[in-house]
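One structure is given here, and the rest of the page talks about it.
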There are 2 protein chains.
Amino acid sequence: MLVRQGDGLFTDLYELTMAASYHQCGLDTPATFDLFVRSLPSTRRFLLACGVEPAVAFLEELHFEPSALRYLDSLGLFDPSFLDRLSELRFTGEVWAVPEGEAAFACEPLLRVTAPLVEAQVVETALLNLMAHSTMVASKAARVALACGDRRFVDFSPRRDHGPDAALLGARAAFVGGAAGTSLVAAGSAFGLPVNGTMAHSYVTRFASEREAFLAFARSFPDACTLLIDTYDTERAARLVVEVARELAPEGATVGAVRIDSGDLGPASQSVRAILDEGGLDGVRIVVSGDLDEHRIAALLESGAPIDAFGVGTQLGTSADAPSLGAVYKLVEDVDGPKAKRSAGKASLPGCKQVWRVRGEDGRYARDVLALASESVAGGEPVLERVMAGGERCQPAPALPEVQERGRATLAALPDELRSLEPGGQAYPVETSGPLATLAEQVWARHA
Amino acid sequence: MLVRQGDGLFTDLYELTMAASYHQCGLDTPATFDLFVRSLPSTRRFLLACGVEPAVAFLEELHFEPSALRYLDSLGLFDPSFLDRLSELRFTGEVWAVPEGEAAFACEPLLRVTAPLVEAQVVETALLNLMAHSTMVASKAARVALACGDRRFVDFSPRRDHGPDAALLGARAAFVGGAAGTSLVAAGSAFGLPVNGTMAHSYVTRFASEREAFLAFARSFPDACTLLIDTYDTERAARLVVEVARELAPEGATVGAVRIDSGDLGPASQSVRAILDEGGLDGVRIVVSGDLDEHRIAALLESGAPIDAFGVGTQLGTSADAPSLGAVYKLVEDVDGPKAKRSAGKASLPGCKQVWRVRGEDGRYARDVLALASESVAGGEPVLERVMAGGERCQPAPALPEVQERGRATLAALPDELRSLEPGGQAYPVETSGPLATLAEQVWARHA
């Protein structure tokens, strides 16, 4: 909303001070960075990669406006030669990525970026921000999808998300993770996502009676509208829906669903289902919402609650049990060879890498091997795909329904233990190849 | 970044379906909504209001582009008369707000919006999203400020924030809550915030040795640069800083600070301080970062760690212990009089309101009274100020340093118990005035 697409100023100051020094020292030569998550949050068994398309879109548009250069000049930190470099800067590098909708695990690169050092450096902040947020939401959505089974869920989070971009990109990521649609109209328009939504409690209170409100709304949207029934008394409203549906039938207006947004949703949905069925409305679906997450949805469905669809807001969009992923962006190779840091508890693996995924006899994912890009792992499939070369996108962005389908296939291919919503358990095995392990020892030893 | 300022599509679909029905039913008449937080997160004792300026900026720019209208038309839900209304829609209403940097508590309106119903309705999603996010971050920043006391802290969160807007608006909100600056260059440019930042570990690994990296950086930024000293071995690097500072002195280049980003920061800062002091660098400051929050900062300072400044990232920007505020937007009055809903556990208070803040004899905040706008509370100061009238801003936006100063004064005026970082304890007293309580009983009784 406020940051323009590809705005070079969407970066931490230290990216620019480092880049300025590289430029001055003659080190603006090709370098490779890995973007990865060092360890999964304790509440996550896997990540569902997402954010590649927003990241590529940022890289395609990367530039510094004249006003941005004037601002940087005003800081008194940068010399004219560096500002000239920035004025012409475009991203000219190569990017490999885990495809959106594919699983990823700790220490596996989600992105691998190779570009002249100044370019590769100034995009760190944007790439981390975009990749981590979308992957966080898609990973949460995948858990909600696992809880929902064959029921649908819709992203209701925009009002709780952290700013407009979070809502827009979050709706996209939720769809990748399995949401049937979103309440956010801007996301429908921008990404072609299905949009959902009907009425709020304020609509009901605006009318002299709930009955008048239901009739007015059904007449405005005569084709299978959804009525919100918990503004005053849920069961009384359910009986009203039966009356209203009868009254509307001659006009051709129908009620498609009711929504319950408060109270004890299990018992409430049971009694509402009974009232609707008795009233001949067994085709009217029940949608529930209100502080839902994957655990509450699983408990509701396990209790046999007759719920057809879920609206999931806050917990989906803010991923409250893992509200950040701690992604990092590390230099792994430059013209002088492989590189790595050795900070306490934060060592990283050097070199250009590929992730290989090995399936078991049942076709499910069995283990990954983190290897050098020059290696090949027998029986495995390479996970990272090249998405940009020479600063240009290698292929058109896949359609989002295809990406969602890939997410669905990924969830089906996960070992049963990883599909559990509970924390703990055996981590998915990610091995380091022999050559990569040897290289890491060599690089670390240099600074021991 | 992707949502344009004032884009009418930045709204939940149900805002538009309700608005369409209001338009059709002739109910597009003035109505008043309260935006408030129903209950504080268990980890918060107060909120620091923020987000008013971004919200007002959205309302000033509110419009539907021709492309937006074509998209809405394509949904097949809306009749031409409503789309015509949207094509000319601007926000023409009145807005009252808790000033940014002022304290707010549960059930107190942060915003009160009065406008023709269609306008007031379609802005609900944007206002909730913008107000709740900024207030969430400012409230977290206020806690960090309380922990820091006379030390400085800087917002390092952009890479961990939920999308570009979250980083940009979050940097602003962190400043309102007390941050000395931000790492985000775009926020420096957009809001005039001080920007901070120096180098990453990758900078150090790019050079053949840490010594070369330190020399190169200090020569690029000779005026009191900050060197990152935990890439390989923190104490060894601190001794290197002493050597490098000596070597650079004849050139006029100085080291201003060192940063430690990993390991046990308390003991590390102690030994680094000793090494620097022994080396004659007692003027070189120590900055630390790495998964800090208000509790870790308080513990470090309590242990006597000689730390001068803190970089606070993830926990600040994502407010991980309270990653959303659950703000709501409720119809409280329309042309037919005061309104309220009565949902289980979610009843709301009807009528146009004002919040009165009453100070004790010590000048600190003692209690609030939530009253009807028509009342006056003896000895209290009204908190809500009119910020828009007739769709126009009433006064220019206050300068951010003034807003930060208001935040500082607010923290100083809070009762000691509310300044505690620990959860629990006595809640700040918010009373309901007699007339408001009576009105609520009357309105609720209508639907009992």
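Identifiers for the structure tokens are assigned positionally: chains receive A, B, ... in sequence, residues are indexed from 1 per chain, and ligands are indexed from 1 in the order shown.
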Counting only C-alpha atoms, which residues from chain B have an atom at most 6 Å from any atom of chain A, and could you show them as a short mmCIF file (atom, residue, chain, number, x, y, z; two decimals) with C-alpha atoms, in the first residue's frame?
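Saved the output as out.cif:
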data_model
loop_
_atom_site.label_atom_id
_atom_site.label_comp_id
_atom_site.auth_asym_id
_atom_site.auth_seq_id
_atom_site.Cartn_x
_atom_site.Cartn_y
_atom_site.Cartn_z
CA MET B 1 3.07 -2.69 -2.00
CA LEU B 2 0.26 -4.32 -3.92
CA VAL B 3 -2.81 -2.67 -2.40
CA ARG B 4 -3.11 0.94 -3.54
CA GLN B 5 -3.75 3.64 -0.91
CA LEU B 9 -11.38 -3.29 -2.80
CA PHE B 10 -9.29 -3.54 0.36
CA THR B 11 -12.42 -4.77 2.09
CA ASP B 12 -14.12 -8.01 3.02
CA LEU B 13 -16.79 -9.12 0.58
CA TYR B 14 -19.45 -8.93 3.28
CA MET B 18 -24.21 -5.45 3.29
CA SER B 21 -28.40 -4.27 0.57
CA THR B 125 -11.83 -4.05 7.12
CA LEU B 128 -9.53 -2.72 11.73
CA ASN B 129 -6.45 -3.94 9.87
CA LEU B 130 -4.59 -0.62 10.08
CA HIS B 133 -1.64 -3.67 13.61
CA ARG B 159 12.70 -9.05 7.57
CA ARG B 160 10.43 -10.82 10.04
CA HIS B 162 4.32 -9.87 7.64
CA GLY B 163 4.87 -8.26 4.26
CA ASP B 165 3.36 -2.75 4.78
CA ALA B 166 3.80 -4.48 8.13
CA SER B 183 16.67 -0.50 10.16
CA LEU B 184 14.12 0.02 7.36
CA VAL B 185 15.30 2.61 4.87
CA ALA B 186 11.82 2.99 3.33
CA GLY B 197 22.36 -0.46 10.62
CA THR B 198 25.86 -1.50 9.75
CA MET B 199 26.92 -4.98 8.58
CA SER B 202 27.94 -12.29 5.34
CA SER B 220 34.15 2.87 3.91
CA ASP B 230 30.34 -12.59 16.54
CA THR B 231 30.89 -14.16 13.14
CA TYR B 232 33.59 -16.56 14.36
CA GLY B 263 25.71 -16.48 22.23
CA LEU B 331 -22.71 -0.29 14.91
CA LYS B 341 -25.65 -6.75 19.71
CA ARG B 342 -26.09 -9.29 22.47
CA SER B 343 -24.23 -12.40 21.18
CA ALA B 344 -23.07 -14.84 23.84
#
Query raised in the report: Do you know which residues are at most 9 Å from range 374-390 of chain A counting only C-alpha atoms, after dropping those on the same chain fewer than 3 positions away, and could you put them as a count of residues only?
Result: 33
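The coordinates place CA of Val144 in chain A at 9.5 Å from CA of Ala174 in chain A.
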Query raised in the report: When you draw a straight line from CA of Val312 in chain A to CA of Phe153 in chain A, how long is it in Å?
Result: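 Calculated distance between CA of Val312 in chain A and CA of Phe153 in chain A is 6.8 Å.
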Requested in this report: Going by DSSP on the backbone, which bits of range 197-332 of chain A are strand (DSSP E)? Write them as a list in words, please.
Outcome: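 Matching residues for strand (DSSP E) in range 197-332 of chain A are Cys225, Thr226, Leu227, Leu228, Val255, Gly256, Ala257, Val258, Arg259, Ile260, Arg285, Ile286, Val287, Val288, Ser289, Ala309, Phe310, Gly311, Val312, Ala327, Val328, Tyr329, Lys330, Leu331 and Val332 of chain A.
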Requested in this report: Please indicate the distance in Å from CA of Gln442 in chain B to CA of Thr32 in chain B, rounded to one decimal place.
Outcome: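 If I compute the distance from CA of Gln442 in chain B to CA of Thr32 in chain B, I get 18.4 Å.
Minimum distance to Ser271 in chain A across A:Ala103, A:Leu47, A:Ala238, A:Val288 (counting only C-alpha atoms) occurs at A:Ala238.
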